[in-house]
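To keep things clear, I will list the structure first and then write my remarks on it.
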Amino acid sequence: MQSRATAEGVTADSTTLERLLLPVASPLLDAQAGTGELTWLTREDGWQLLVRPREVPQHGEELMRFALPSGGQVSAYFDSDERVVRVPFDFDEAYRSYVSEAWRAHGSLRALSTKQLQVYYAMKRLIPRGLLLSARRVFVRRAGLPEFPKWPLDESVDRLMRFYALCLLTTDGTPRASFRWFWPHSHHAALMLTHDVESADGLRLATEIADLEEERGFRSSFNIVGDEYPIDMGIVRELDSRGFEIGLHGLHHDRSLFSSREEFERQLPGLRHAARKLGAIGFRSPSTHRVVEWLPELPVSYDTTMFHSDPYEPQPGGCCTLWPFRLGPLVELPYTLPQDHTLFTLLRERSAQRWLTMVDEIEARHGLIHCLSHPDAGYLGEPDKRSFYVQFLDALAERHHLWRALPRDIASWWRRRETAESSDAEVALGTMRRDGAHVWFEPPDTVTAR
Ligand SMILES: [Zn+2]
């Protein structure tokens with residue numbers, strides 16, 4: 001199926017767990033894939049990973065046990081004679097299965113088929129918005145939330161990374177080790193605010209959202225559709241001069257870009273032209289439609305189409321990570337908070353509380369806090385929803401350990417972090433620590449910047 005990625009579709013050298021926990025690796029960590037099919041391994045607490053498992057000698061201290069679908073089990077062992085940790089799977093394969101969404105081809109997912117999506121978009125133009133919303137609310141209530149990825153917070157990659165750290169610390173026989181911290185200086189987590197502009201009216205309203213953010217010391221990016229509505233270039237220039245970023249939200253606001261390989265290739269020159277005109281180096285696909293393997297071909301340097309976990313999108317799923325990652329030449333910056341439309345329209349929440357709870361959760365894990373909202377009518381264009389956004393911004397303004405940055409700066413940081421010299425003053429060392437099987441990460445303690 002075209003919408004499904006394979007683990008191999010994301011280049012093996014660029015998408016590795018070592019790139020997340022830089023620059024730590026150990027020759028004493030023996031973690032390799034088996035030769036069989038991709039299979040789900042599960043833990044009693046619900047953590048699941050998609051790998052080609054293998055048997056390892058049952059020798060030494062058992063570090064972690066996983067259940068196989070067949071009813072059998074595989075475990076990781078620490079052989080203290082040889083000081084080797086043997087893991088029954090390959091960490092990078094497990095990581096890629098998550099971030100490439102390769103798991104979608106191996107899970108029961110209540111997604112709409114291509115045919116159903118076509119019908120949905122044909123109907124969407126004909127049915128009044130209110131009626132369409134009621135139908136979606138009924139669908140959401142009936143279907144319930146999927147078991148995987150968990151929503152609103154999925155800890156899969158966080159768990160995998162901690163287990164990887166546990167194995168490294170075990171081979172070293174030490175309770176702590178340094179690694180390249182996730183963010184510049186000693187920031188606990190990164191914060192980015194992005195908006196998709198769905199209409200010409202939305203672009204006019206964008207300046208009002210920009211005012212609210214600027215008053216509180218924030219900047220954000222606005223993703224504009226290249227060839228869907230008249231673009232007021234005066235507004236684009238104004239936003240740019242005020243320190244906001246402009247991104248590209250496709251050429252047309254429909255599912256055409258990823259509808260076929262031919263169509264994708266046909267639209268690439270138009271996308272290149274629109275990106276140049278808008279000064280955009282970032283992209284988000286309309287309604288997050290995507291074929292993950294094709295994203296690296298987009299004429300931009302980062303993408304924001306993918307999400308941590310979102311069962312409410314027309315193409316639901318999730319890359320299960322709270323950190324940026326590489327898709328070939330691209331840096332992917334997944335959104336990690338529920339969309340404004342999901343919270344305030346679909347679920348009819350009446351405050352920013354769920355967003356702020358997620359901010360706490362992600363800050364505690366030192367990930368990327370990435371909020372996606374819309375300035376348009378029906379979204380933050382409405383007074384009540386806008387007041388929730390203001391509530392959110394006011395609370396964020398009090399969080400002094402967050403790195404507030406534009407998407408382009410975060411993408412550029414992520415590349416720099418991978419290759420930086422140790423003399424680079426912004427690149428600090430964090431600490432991974434273990435106490436028994438419990439592993440956690442500590443930011444650099446030198447506070448050099450806010
Ligand atoms: Zn959109």
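Here's how to read the names in the structure tokens: chain A, B, ... by the order shown, residue numbers from 1 in each chain, ligand numbers from 1 in the order shown.
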
For this session: Give the residues close to ligand 1, within 7 Å, counting only C-alpha atoms and all ligand atoms; write them as a ChimeraX atom specification.
Result: /A:196-198,249,253,286-287

For this session: Quick one: pick out all alpha helix (DSSP H) residues within stretch 164-366 of chain A from a backbone DSSP run and write them as a ChimeraX atom specification.
Result: /A:164-172,200-215,233-241,261-278,340,353-365

Give me, as a tab-separated table, the closest atom pair and its distance (Å, one decimal) for every residue of stretch 156-222 of chain A within a cut-off of 9 Å of stretch 45-56 of chain A, counting only C-alpha atoms, rows sorted by chain and rising number.
residue	atom	partner	partner_atom	distance
A:Ser156	CA	A:Trp47	CA	6.4
A:Arg159	CA	A:Trp47	CA	7.7
A:Leu160	CA	A:Leu49	CA	8.4

Selected residues written out, C-alpha atoms, as a short mmCIF file (atom, residue, chain, number, x, y, z; two decimals), in the first residue's frame:
data_model
loop_
_atom_site.label_atom_id
_atom_site.label_comp_id
_atom_site.auth_asym_id
_atom_site.auth_seq_id
_atom_site.Cartn_x
_atom_site.Cartn_y
_atom_site.Cartn_z
CA SER A 156 7.61 4.05 22.89
CA ARG A 159 11.27 3.61 26.52
CA LEU A 160 13.50 2.27 23.75
#

For this session: Could you give me, as number ranges by chain, the residues within 6 Å of stretch 169-182 of chain A, counting only C-alpha atoms and dropping anything in the same chain fewer than 4 positions from it?
Result: A: 22, 83-84, 428-434

Exercise. Residues at most 9 Å from A:Pro329, counting only C-alpha atoms, excluding those fewer than 4 positions away in the same chain, as a list in words?
Worked result: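 Contacts, in chain order: Ser14, Pro296, Glu297, Ser301 and Tyr302 of chain A.
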
Exercise. Can you list, as a VMD selection string, every residue of stretch 240-343 of chain A that DSSP puts in strand (DSSP E)?
Worked result: chain A and resid 245 to 248 282 to 283 302 to 303 325 to 327 330 to 332

Could you write out the selected residues, including N, CA and C atoms, as a PDB file, in the first residue's frame?
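Generated output (selection_2.pdb):
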ATOM      1  N   GLU A 245       8.330  32.892  11.013  1.00  0.00           N
ATOM      2  CA  GLU A 245       8.793  32.082   9.891  1.00  0.00           C
ATOM      3  C   GLU A 245       7.614  31.717   8.992  1.00  0.00           C
ATOM      4  N   ILE A 246       7.884  31.612   7.689  1.00  0.00           N
ATOM      5  CA  ILE A 246       6.859  31.168   6.752  1.00  0.00           C
ATOM      6  C   ILE A 246       7.242  29.794   6.237  1.00  0.00           C
ATOM      7  N   GLY A 247       6.283  28.856   6.289  1.00  0.00           N
ATOM      8  CA  GLY A 247       6.503  27.513   5.758  1.00  0.00           C
ATOM      9  C   GLY A 247       5.499  27.235   4.646  1.00  0.00           C
ATOM     10  N   LEU A 248       5.654  26.101   4.016  1.00  0.00           N
ATOM     11  CA  LEU A 248       4.789  25.736   2.892  1.00  0.00           C
ATOM     12  C   LEU A 248       3.821  24.628   3.314  1.00  0.00           C
ATOM     13  N   GLY A 282      10.583  25.000   5.185  1.00  0.00           N
ATOM     14  CA  GLY A 282       9.881  23.947   5.920  1.00  0.00           C
ATOM     15  C   GLY A 282       8.542  23.630   5.282  1.00  0.00           C
ATOM     16  N   PHE A 283       8.024  22.464   5.574  1.00  0.00           N
ATOM     17  CA  PHE A 283       6.831  21.973   4.901  1.00  0.00           C
ATOM     18  C   PHE A 283       5.905  21.269   5.890  1.00  0.00           C
ATOM     19  N   TYR A 302      13.366  20.924   6.167  1.00  0.00           N
ATOM     20  CA  TYR A 302      12.737  20.167   7.258  1.00  0.00           C
ATOM     21  C   TYR A 302      11.256  19.968   6.947  1.00  0.00           C
ATOM     22  N   ASP A 303      10.673  18.991   7.621  1.00  0.00           N
ATOM     23  CA  ASP A 303       9.263  18.679   7.427  1.00  0.00           C
ATOM     24  C   ASP A 303       8.576  18.578   8.785  1.00  0.00           C
ATOM     25  N   PHE A 325      13.999  13.794  14.203  1.00  0.00           N
ATOM     26  CA  PHE A 325      14.792  12.693  13.666  1.00  0.00           C
ATOM     27  C   PHE A 325      15.078  12.959  12.196  1.00  0.00           C
ATOM     28  N   ARG A 326      16.025  12.189  11.660  1.00  0.00           N
ATOM     29  CA  ARG A 326      16.414  12.384  10.275  1.00  0.00           C
ATOM     30  C   ARG A 326      15.619  11.470   9.376  1.00  0.00           C
ATOM     31  N   LEU A 327      15.110  12.050   8.275  1.00  0.00           N
ATOM     32  CA  LEU A 327      14.547  11.252   7.179  1.00  0.00           C
ATOM     33  C   LEU A 327      15.444  11.547   5.995  1.00  0.00           C
ATOM     34  N   LEU A 330      16.346  15.239   5.167  1.00  0.00           N
ATOM     35  CA  LEU A 330      15.406  16.089   5.915  1.00  0.00           C
ATOM     36  C   LEU A 330      15.561  15.920   7.410  1.00  0.00           C
ATOM     37  N   VAL A 331      15.230  16.987   8.147  1.00  0.00           N
ATOM     38  CA  VAL A 331      14.997  16.825   9.576  1.00  0.00           C
ATOM     39  C   VAL A 331      13.481  16.821   9.762  1.00  0.00           C
ATOM     40  N   GLU A 332      12.978  15.807  10.419  1.00  0.00           N
ATOM     41  CA  GLU A 332      11.545  15.742  10.688  1.00  0.00           C
ATOM     42  C   GLU A 332      11.305  16.303  12.091  1.00  0.00           C
TER      43      GLU A 332
END

For this session: Extract, using only C-alpha atoms, all DNA, RNA and protein residues at most 8 Å from A:Ile235, discarding same-chain residues fewer than 6 positions from it, and format them as a VMD selection string.
Result: chain A and resid 203 to 204 207

Preceding selection exported with N, CA and C atoms as a compact mmCIF listing (two decimals), in the first residue's frame:
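Dumped to selection.txt:
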# COMPACT_ATOMS: atom_id res chain seq x y z
N LEU A 203 -4.96 34.01 6.67
CA LEU A 203 -3.70 34.75 6.58
C LEU A 203 -3.86 36.14 7.20
N ARG A 204 -5.04 36.76 6.99
CA ARG A 204 -5.28 38.06 7.64
C ARG A 204 -5.29 37.90 9.17
N THR A 207 -1.88 37.64 11.52
CA THR A 207 -1.18 38.77 12.15
C THR A 207 -1.69 38.98 13.58

Exercise. What lies within 12 Å of A:Asp384 using only C-alpha atoms, ignoring chain neighbours under 3 positions off, as a list in words?
Worked result: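 Non-adjacent residues within range: Asp340, Phe344, Thr345, Arg348, Glu349, Arg350, Ser351, Ala352, Ala377, Gly378, Tyr379, Leu380, Gly381, Ser387, Phe388, Tyr389, Val390 and Gln391 of chain A.
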
Convert the current residue selection to file output with all heavy atoms, as a tab-separated table (two decimals), in the first residue's frame.
chain	number	residue	atom	x	y	z
A	340	ASP	N	-5.29	21.99	17.74
A	340	ASP	CA	-6.37	22.84	18.27
A	340	ASP	C	-7.75	22.31	17.89
A	340	ASP	O	-8.66	22.25	18.71
A	340	ASP	CB	-6.20	24.30	17.80
A	340	ASP	CG	-6.09	24.46	16.29
A	340	ASP	OD1	-5.88	23.45	15.57
A	340	ASP	OD2	-6.21	25.61	15.80
A	344	PHE	N	-10.44	21.49	20.84
A	344	PHE	CA	-11.49	22.48	21.11
A	344	PHE	C	-12.74	22.27	20.26
A	344	PHE	O	-13.82	22.71	20.63
A	344	PHE	CB	-10.94	23.89	20.89
A	344	PHE	CG	-9.70	24.15	21.69
A	344	PHE	CD1	-8.56	24.69	21.10
A	344	PHE	CD2	-9.65	23.84	23.05
A	344	PHE	CE1	-7.41	24.91	21.84
A	344	PHE	CE2	-8.51	24.06	23.79
A	344	PHE	CZ	-7.38	24.59	23.18
A	345	THR	N	-12.62	21.60	19.12
A	345	THR	CA	-13.78	21.41	18.26
A	345	THR	C	-14.32	20.00	18.39
A	345	THR	O	-15.50	19.81	18.71
A	345	THR	CB	-13.41	21.74	16.79
A	345	THR	OG1	-12.87	23.06	16.76
A	345	THR	CG2	-14.63	21.68	15.90
A	348	ARG	N	-14.34	19.21	22.30
A	348	ARG	CA	-15.02	20.33	22.98
A	348	ARG	C	-14.44	20.64	24.37
A	348	ARG	O	-15.16	20.84	25.34
A	348	ARG	CB	-16.52	20.05	23.07
A	348	ARG	CG	-17.17	20.16	21.70
A	348	ARG	CD	-18.66	20.16	21.77
A	348	ARG	NE	-19.19	18.82	21.66
A	348	ARG	CZ	-20.39	18.53	21.18
A	348	ARG	NH1	-21.20	19.50	20.81
A	348	ARG	NH2	-20.81	17.29	21.10
A	349	GLU	N	-13.11	20.62	24.47
A	349	GLU	CA	-12.48	21.01	25.74
A	349	GLU	C	-12.57	22.53	25.88
A	349	GLU	O	-12.57	23.26	24.90
A	349	GLU	CB	-11.03	20.51	25.77
A	349	GLU	CG	-10.98	19.00	25.68
A	349	GLU	CD	-9.75	18.36	26.31
A	349	GLU	OE1	-8.81	19.09	26.67
A	349	GLU	OE2	-9.76	17.13	26.43
A	350	ARG	N	-12.63	22.98	27.14
A	350	ARG	CA	-12.89	24.41	27.38
A	350	ARG	C	-11.73	25.10	28.08
A	350	ARG	O	-11.93	26.12	28.76
A	350	ARG	CB	-14.19	24.58	28.20
A	350	ARG	CG	-15.41	23.89	27.63
A	350	ARG	CD	-15.76	24.36	26.22
A	350	ARG	NE	-16.13	25.76	26.16
A	350	ARG	CZ	-16.16	26.48	25.05
A	350	ARG	NH1	-15.80	25.92	23.91
A	350	ARG	NH2	-16.52	27.74	25.07
A	351	SER	N	-10.54	24.56	27.94
A	351	SER	CA	-9.36	25.23	28.50
A	351	SER	C	-8.11	24.68	27.84
A	351	SER	O	-8.18	23.72	27.07
A	351	SER	CB	-9.28	25.00	30.02
A	351	SER	OG	-8.73	23.73	30.28
A	352	ALA	N	-6.98	25.27	28.18
A	352	ALA	CA	-5.70	24.82	27.61
A	352	ALA	C	-5.06	23.74	28.49
A	352	ALA	O	-3.91	23.39	28.30
A	352	ALA	CB	-4.75	26.00	27.48
A	377	ALA	N	-10.97	30.98	10.81
A	377	ALA	CA	-12.31	30.82	11.36
A	377	ALA	C	-12.55	29.34	11.61
A	377	ALA	O	-12.10	28.50	10.83
A	377	ALA	CB	-13.34	31.36	10.38
A	378	GLY	N	-13.22	29.01	12.72
A	378	GLY	CA	-13.43	27.60	13.06
A	378	GLY	C	-12.31	27.06	13.94
A	378	GLY	O	-12.43	25.99	14.52
A	379	TYR	N	-11.21	27.82	14.02
A	379	TYR	CA	-10.09	27.43	14.87
A	379	TYR	C	-9.81	28.61	15.83
A	379	TYR	O	-10.73	29.11	16.46
A	379	TYR	CB	-8.84	27.12	14.03
A	379	TYR	CG	-9.04	26.04	12.97
A	379	TYR	CD1	-9.56	26.34	11.72
A	379	TYR	CD2	-8.66	24.72	13.23
A	379	TYR	CE1	-9.70	25.35	10.74
A	379	TYR	CE2	-8.80	23.73	12.26
A	379	TYR	CZ	-9.32	24.05	11.02
A	379	TYR	OH	-9.45	23.09	10.06
A	380	LEU	N	-8.54	29.06	15.88
A	380	LEU	CA	-8.22	30.18	16.77
A	380	LEU	C	-8.85	31.50	16.29
A	380	LEU	O	-8.78	32.50	17.01
A	380	LEU	CB	-6.70	30.35	16.91
A	380	LEU	CG	-5.90	29.15	17.41
A	380	LEU	CD1	-4.44	29.54	17.63
A	380	LEU	CD2	-6.49	28.57	18.69
A	381	GLY	N	-9.45	31.48	15.12
A	381	GLY	CA	-10.17	32.66	14.64
A	381	GLY	C	-11.41	32.95	15.48
A	381	GLY	O	-11.97	34.04	15.40
A	387	SER	N	-9.05	32.42	23.23
A	387	SER	CA	-8.77	32.67	24.66
A	387	SER	C	-8.05	31.48	25.29
A	387	SER	O	-7.22	31.65	26.18
A	387	SER	CB	-10.07	33.00	25.42
A	387	SER	OG	-10.84	31.83	25.59
A	388	PHE	N	-8.33	30.26	24.80
A	388	PHE	CA	-7.60	29.08	25.33
A	388	PHE	C	-6.13	29.16	24.89
A	388	PHE	O	-5.24	28.78	25.64
A	388	PHE	CB	-8.21	27.76	24.83
A	388	PHE	CG	-9.68	27.63	25.09
A	388	PHE	CD1	-10.52	26.99	24.17
A	388	PHE	CD2	-10.25	28.15	26.24
A	388	PHE	CE1	-11.87	26.88	24.41
A	388	PHE	CE2	-11.61	28.04	26.49
A	388	PHE	CZ	-12.43	27.40	25.56
A	389	TYR	N	-5.92	29.65	23.68
A	389	TYR	CA	-4.54	29.76	23.18
A	389	TYR	C	-3.77	30.81	23.99
A	389	TYR	O	-2.60	30.60	24.32
A	389	TYR	CB	-4.54	30.11	21.68
A	389	TYR	CG	-3.18	30.02	21.04
A	389	TYR	CD1	-2.50	28.81	20.97
A	389	TYR	CD2	-2.55	31.15	20.51
A	389	TYR	CE1	-1.24	28.70	20.39
A	389	TYR	CE2	-1.29	31.06	19.92
A	389	TYR	CZ	-0.63	29.84	19.88
A	389	TYR	OH	0.62	29.74	19.30
A	390	VAL	N	-4.44	31.90	24.31
A	390	VAL	CA	-3.81	32.94	25.14
A	390	VAL	C	-3.45	32.38	26.52
A	390	VAL	O	-2.36	32.61	27.04
A	390	VAL	CB	-4.73	34.18	25.26
A	390	VAL	CG1	-4.23	35.14	26.33
A	390	VAL	CG2	-4.85	34.88	23.91
A	391	GLN	N	-4.38	31.59	27.07
A	391	GLN	CA	-4.13	30.93	28.35
A	391	GLN	C	-2.87	30.05	28.27
A	391	GLN	O	-2.02	30.06	29.16
A	391	GLN	CB	-5.36	30.03	28.61
A	391	GLN	CG	-5.54	29.53	30.00
A	391	GLN	CD	-6.80	28.65	30.06
A	391	GLN	OE1	-7.01	27.77	29.23
A	391	GLN	NE2	-7.64	28.89	31.04

Problem set entry | For A:Gln73: contacts at 12 Å, only C-alpha atoms, fewer than 2 positions along chain excluded, given as a list in words |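 So the residues in contact are Trp40, Leu41, Thr42, Arg43, Glu44, Pro53, Arg54, Glu55, Val56, Gln58, Met64, Arg65, Phe66, Ala67, Leu68, Pro69, Ser70, Gly71, Ser75, Ala76 and Pro88 of chain A.
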
Write the selection just made, keeping N, CA and C atoms, as an mmCIF file, in the first residue's frame?
data_model
loop_
_atom_site.group_PDB
_atom_site.id
_atom_site.type_symbol
_atom_site.label_atom_id
_atom_site.label_comp_id
_atom_site.auth_asym_id
_atom_site.auth_seq_id
_atom_site.Cartn_x
_atom_site.Cartn_y
_atom_site.Cartn_z
ATOM 1 N N TRP A 40 5.912 -8.200 16.551
ATOM 2 C CA TRP A 40 5.747 -7.360 17.746
ATOM 3 C C TRP A 40 6.285 -8.071 18.977
ATOM 4 N N LEU A 41 7.150 -7.385 19.722
ATOM 5 C CA LEU A 41 7.524 -7.838 21.063
ATOM 6 C C LEU A 41 6.763 -6.960 22.046
ATOM 7 N N THR A 42 6.291 -7.548 23.124
ATOM 8 C CA THR A 42 5.516 -6.743 24.079
ATOM 9 C C THR A 42 6.009 -6.959 25.505
ATOM 10 N N ARG A 43 5.789 -5.924 26.314
ATOM 11 C CA ARG A 43 6.057 -6.004 27.745
ATOM 12 C C ARG A 43 4.713 -5.944 28.465
ATOM 13 N N GLU A 44 4.695 -6.454 29.701
ATOM 14 C CA GLU A 44 3.425 -6.476 30.453
ATOM 15 C C GLU A 44 2.851 -5.075 30.631
ATOM 16 N N PRO A 53 13.053 -10.466 15.846
ATOM 17 C CA PRO A 53 13.744 -10.946 17.054
ATOM 18 C C PRO A 53 14.649 -12.133 16.761
ATOM 19 N N ARG A 54 15.583 -12.362 17.675
ATOM 20 C CA ARG A 54 16.472 -13.528 17.587
ATOM 21 C C ARG A 54 16.610 -14.112 18.987
ATOM 22 N N GLU A 55 17.074 -15.323 19.053
ATOM 23 C CA GLU A 55 17.375 -15.965 20.334
ATOM 24 C C GLU A 55 18.781 -15.557 20.752
ATOM 25 N N VAL A 56 18.965 -15.268 22.031
ATOM 26 C CA VAL A 56 20.335 -15.072 22.523
ATOM 27 C C VAL A 56 20.573 -16.103 23.635
ATOM 28 N N GLN A 58 20.867 -17.900 26.961
ATOM 29 C CA GLN A 58 20.280 -17.543 28.264
ATOM 30 C C GLN A 58 21.364 -17.661 29.322
ATOM 31 N N MET A 64 15.936 -7.699 30.652
ATOM 32 C CA MET A 64 14.543 -7.402 30.300
ATOM 33 C C MET A 64 13.975 -8.540 29.473
ATOM 34 N N ARG A 65 12.694 -8.827 29.723
ATOM 35 C CA ARG A 65 12.043 -9.948 29.038
ATOM 36 C C ARG A 65 10.892 -9.421 28.174
ATOM 37 N N PHE A 66 10.744 -9.995 27.005
ATOM 38 C CA PHE A 66 9.691 -9.595 26.072
ATOM 39 C C PHE A 66 8.879 -10.814 25.657
ATOM 40 N N ALA A 67 7.591 -10.606 25.474
ATOM 41 C CA ALA A 67 6.726 -11.696 25.012
ATOM 42 C C ALA A 67 6.615 -11.671 23.493
ATOM 43 N N LEU A 68 6.613 -12.858 22.908
ATOM 44 C CA LEU A 68 6.401 -13.015 21.473
ATOM 45 C C LEU A 68 4.914 -13.284 21.218
ATOM 46 N N PRO A 69 4.421 -12.963 20.014
ATOM 47 C CA PRO A 69 3.007 -13.227 19.725
ATOM 48 C C PRO A 69 2.670 -14.718 19.816
ATOM 49 N N SER A 70 3.668 -15.558 19.557
ATOM 50 C CA SER A 70 3.442 -17.010 19.588
ATOM 51 C C SER A 70 3.236 -17.543 21.001
ATOM 52 N N GLY A 71 3.488 -16.693 22.012
ATOM 53 C CA GLY A 71 3.380 -17.153 23.396
ATOM 54 C C GLY A 71 4.751 -17.378 24.013
ATOM 55 N N SER A 75 14.675 -12.640 25.857
ATOM 56 C CA SER A 75 15.200 -11.733 26.887
ATOM 57 C C SER A 75 16.551 -11.180 26.488
ATOM 58 N N ALA A 76 16.885 -10.068 27.131
ATOM 59 C CA ALA A 76 18.230 -9.511 27.012
ATOM 60 C C ALA A 76 19.009 -9.933 28.264
ATOM 61 N N PRO A 88 17.940 -9.267 22.163
ATOM 62 C CA PRO A 88 17.358 -10.135 21.123
ATOM 63 C C PRO A 88 16.797 -9.377 19.918
#

Seminar exercise, completed: Among A:Val157, A:Ala437, A:Ala143, A:Leu372, A:Leu343 is approached most closely, using only C-alpha atoms, by A:Leu372

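Rounded to one decimal, atom CA of A:Gly202 and atom CA of A:Gly130 lie 19.2 Å from each other.
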
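With only C-alpha atoms as the atoms that count, the residue of A:Pro299, A:Pro57, A:Pro23, A:Pro375 with the shortest distance to A:Ala420 is A:Pro23.
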
Problem set entry | Atomic distance atom CA of A:His188 - atom CA of A:Ile369, expressed in Å with one decimal | 10.8 Å

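With distances taken over only C-alpha atoms, A:Pro334 is the one residue among A:Gly34, A:Pro27, A:Pro230, A:Pro334 lying closest to A:Leu191.
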
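Between atom CA of A:Glu61 and atom CA of A:Ser80 there is a distance of 7.7 Å.
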
Exercise. In terms of the shortest atom-to-atom distance over only C-alpha atoms, which of A:Trp151, A:Phe218, A:Trp323, A:Phe392 is closest to A:Thr342?
Worked result: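 Looking at the shortest contact to A:Thr342, the residue is A:Trp151.
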